[in-house]
There are 2 protein chains.
Amino acid sequence: MQKNLKRRETMHRLCSKGLEVFHEKGYYHTSLDDILKELDLSKGAFYHHFKSKEDFFVHIVQNLIVQKVYALLVEPLNTQKNPLPVILESLENALEPSQGNAMAYGFMLNDFLTEFNKRNTEISTYLKDILKVWEVNLVSVLKRGKVDGHIARHVDCEGVATYIIASYLGMRSLLIDTTNNQLKYQYMQQLKHYFSSIAERNVAA
Amino acid sequence: MQKNLKRRETMHRLCSKGLEVFHEKGYYHTSLDDILKELDLSKGAFYHHFKSKEDFFVHIVQNLIVQKVYALLVEPLNTQKNPLPVILESLENALEPSQGNAMAYGFMLNDFLTEFNKRNTEISTYLKDILKVWEVNLVSVLKRGKVDGHIARHVDCEGVATYIIASYLGMRSLLIDTTNNQLKYQYMQQLKHYFSSIAERNVAA
DNA sequence: CCTTAAACCGACCCATGGGTCGGTACGTGT
DNA sequence: ACACGTACCGACCCATGGGTCGGTTTAAGG
């Protein structure tokens with residue numbers, strides 16, 4: 001069973017490095033050789049494991065990117081506490097440029113979303129599906145917040161979720177290439193103002 | 001002076017169609033021939049007027065894109081009225097997919113910003129400068145709103161401007177390829193909530 | 001061992017697309 | 001009318017990069 005292990009390991013090395021370079025330089029601006037060179041692998045190796053560059057990226061999306069979004073933005077919502085601070089915390093956490101040693105490249109959905117839009121509908125769809133999952137989870141946690149008396153009853157939960165996602169995506173756009181903590185701080189601050197406007201007044205946020 | 005007119009006309013046709021196609025398919029996914037074919041012009045014509053594809057796009061940015069952003073998002077701020085409704089109106093207007101007959105493609109900064117980020121620092125800088133102008137104008141109009149008693153004194157105007165821009169950019173990301181009026185409506189609605197949280201309470205917004 | 005098939009190599013193919021260059025057509029000043 | 005320069009043409013050059021394919025190495029099974 002050594003062969004099977006080798007296969008998995010090589011594929012994982014490819015996907016991992018692939019995501020890293022794709023995120024850094026963009027999908028269409030990264031040649032396979034860029035990735036292969038860094039891993040000391042050949043074209044032959046690559047095409048033995050993947051049908052095409054596109055197929056390769058689909059693997060990356062469905063394995064790595066989905067996981068990252070889940071870990072950063074969906075899992076943290078899974079608590080019984082007041083949703084608003086929980087959401088704030090998850091967003092702040094996800095905006096962190098890199099925790100630990102390796103590049104955690106917080107969030108890359110926005111870059112890929114615009115890069116593939118209208119260029120590759122299949123990949124676009126996969127990426128949008130990920131956003132959708134986040135949105136659905138946001139909505140459900142917001143609705144629960146309403147029931148629990150943390151969020152005002154008049155609030156449109158779908159609208160709030162959309163707005164959170166939009167501001168977050170845009171923030172990622174502004175943060176690109178500048179590790180500007182000032183921007184991040186401003187964003188979090190205003191988000192708190194916004195949240196206070198949808199919180200139930202008589203309960204401590 | 002016929003020659004000079006011809007020159008201006010051809011350059012303008014190139015830039016105009018160039019922006020259209022670049023915005024539709026992306027800069028790097030558009031070949032010069034894509035544009036030239038639609039205008040019945042040749043490579044020779046193109047390189048007679050522009051140094052390179054990059055030089056061409058710089059022209060487009062500095063002439064057409066700057067103007068569009070000014071017209072849609074900066075000029076409307078130039079009034080003495082309460083800033084918050086004015087800003088809302090300008091954003092709503094700018095999100096309109098296409099007013100009139102030709103494609104007005106509302107706003108394309110976000111797409112180009114992410115496309116050129118880390119790929120072409122010169123163009124990136126030009127694009128960011130445009131955003132900066134918008135930001136500066138937002139800040140100044142917000143500060144005036146404070147003086148005029150429309151906006152609460154504790155508000156961080158820079159933060160608000162950043163937040164508005166972020167949410168707007170992100171909204172454009174979400175709206176791409178879907179002419180989803182629902183999304184736009186949700187966004188405007190939540191923006192109003194947010195604005196109410198930074199408005200001076202004792203004055204009608 | 002010795003066969004078989006997976007893992008991998010790297011030279012090659014070829015379409016794409018930015019950029020070049022020698023030429024042509026025509027308006028313009030003299 | 002003649003010369004000149006501007007606008008434009010389109011065949012060509014060449015680097016890039018996705019994908020192919022015949023071959024070599026290596027692990028697994030009998």
# chains A, B, ... in the order shown; residues from 1 in each chain; ligands from 1
>>> interface_residues(of="chain A", to="chain B", cutoff="6 Å", atoms="only C-alpha atoms", output="PyMOL selection string")
chain A and resi 159+163+166-167+169-171+186-187+194+197
>>> interface_residues(of="chain C", to="chain B", cutoff="10 Å", atoms="only C-alpha atoms (C1' of nucleotides)", output="JSON, numbers by chain")
{"C": [16, 17, 18, 19, 20, 21, 26, 27, 28]}
>>> write_last_selection(atoms="C-alpha atoms (C1' of nucleotides)", output="PDB file, in the first residue's frame")
ATOM      1  C1'  DT C  16      -2.476  32.134 -28.142  1.00  0.00           C
ATOM      2  C1'  DG C  17      -1.248  36.722 -28.020  1.00  0.00           C
ATOM      3  C1'  DG C  18       1.907  40.818 -27.403  1.00  0.00           C
ATOM      4  C1'  DG C  19       4.839  43.233 -30.169  1.00  0.00           C
ATOM      5  C1'  DT C  20       7.586  44.393 -34.800  1.00  0.00           C
ATOM      6  C1'  DC C  21       8.270  46.090 -39.309  1.00  0.00           C
ATOM      7  C1'  DC C  26      -4.065  59.749 -48.097  1.00  0.00           C
ATOM      8  C1'  DG C  27      -4.367  64.456 -46.184  1.00  0.00           C
ATOM      9  C1'  DT C  28      -1.427  68.592 -45.894  1.00  0.00           C
TER      10       DT C  28
END
>>> closest_residue(among="B:Ala152, B:Val74, B:Leu64, B:Leu41", to="chain D", atoms="only C-alpha atoms (C1' of nucleotides)")
B:Leu41
>>> interface_residues(of="chain D", to="chain B", cutoff="9 Å", atoms="only C-alpha atoms (C1' of nucleotides)", output="number ranges by chain")
D: 6-10
>>> residues_around(residues="Ala94 of chain B", least_positions_apart="4", cutoff="8 Å", atoms="only C-alpha atoms (C1' of nucleotides)", output="list in words")
Leu72, Leu73, Ser90, Gly106 and Phe107 of chain B
>>> write_last_selection(atoms="N, CA and C atoms", output="PDB file, in the first residue's frame")
ATOM      1  N   LEU B  72     -20.283  59.322 -10.909  1.00  0.00           N
ATOM      2  CA  LEU B  72     -21.236  58.514 -10.149  1.00  0.00           C
ATOM      3  C   LEU B  72     -21.122  58.708  -8.647  1.00  0.00           C
ATOM      4  N   LEU B  73     -19.895  58.880  -8.164  1.00  0.00           N
ATOM      5  CA  LEU B  73     -19.703  58.782  -6.715  1.00  0.00           C
ATOM      6  C   LEU B  73     -19.108  60.011  -6.059  1.00  0.00           C
ATOM      7  N   SER B  90     -26.346  58.271  -4.024  1.00  0.00           N
ATOM      8  CA  SER B  90     -25.259  58.060  -4.990  1.00  0.00           C
ATOM      9  C   SER B  90     -24.922  56.587  -5.115  1.00  0.00           C
ATOM     10  N   GLY B 106     -22.030  50.471 -14.382  1.00  0.00           N
ATOM     11  CA  GLY B 106     -21.872  51.155 -13.100  1.00  0.00           C
ATOM     12  C   GLY B 106     -20.457  51.351 -12.610  1.00  0.00           C
ATOM     13  N   PHE B 107     -19.861  50.307 -12.197  1.00  0.00           N
ATOM     14  CA  PHE B 107     -18.632  50.467 -11.446  1.00  0.00           C
ATOM     15  C   PHE B 107     -17.773  49.257 -11.741  1.00  0.00           C
TER      16      PHE B 107
END
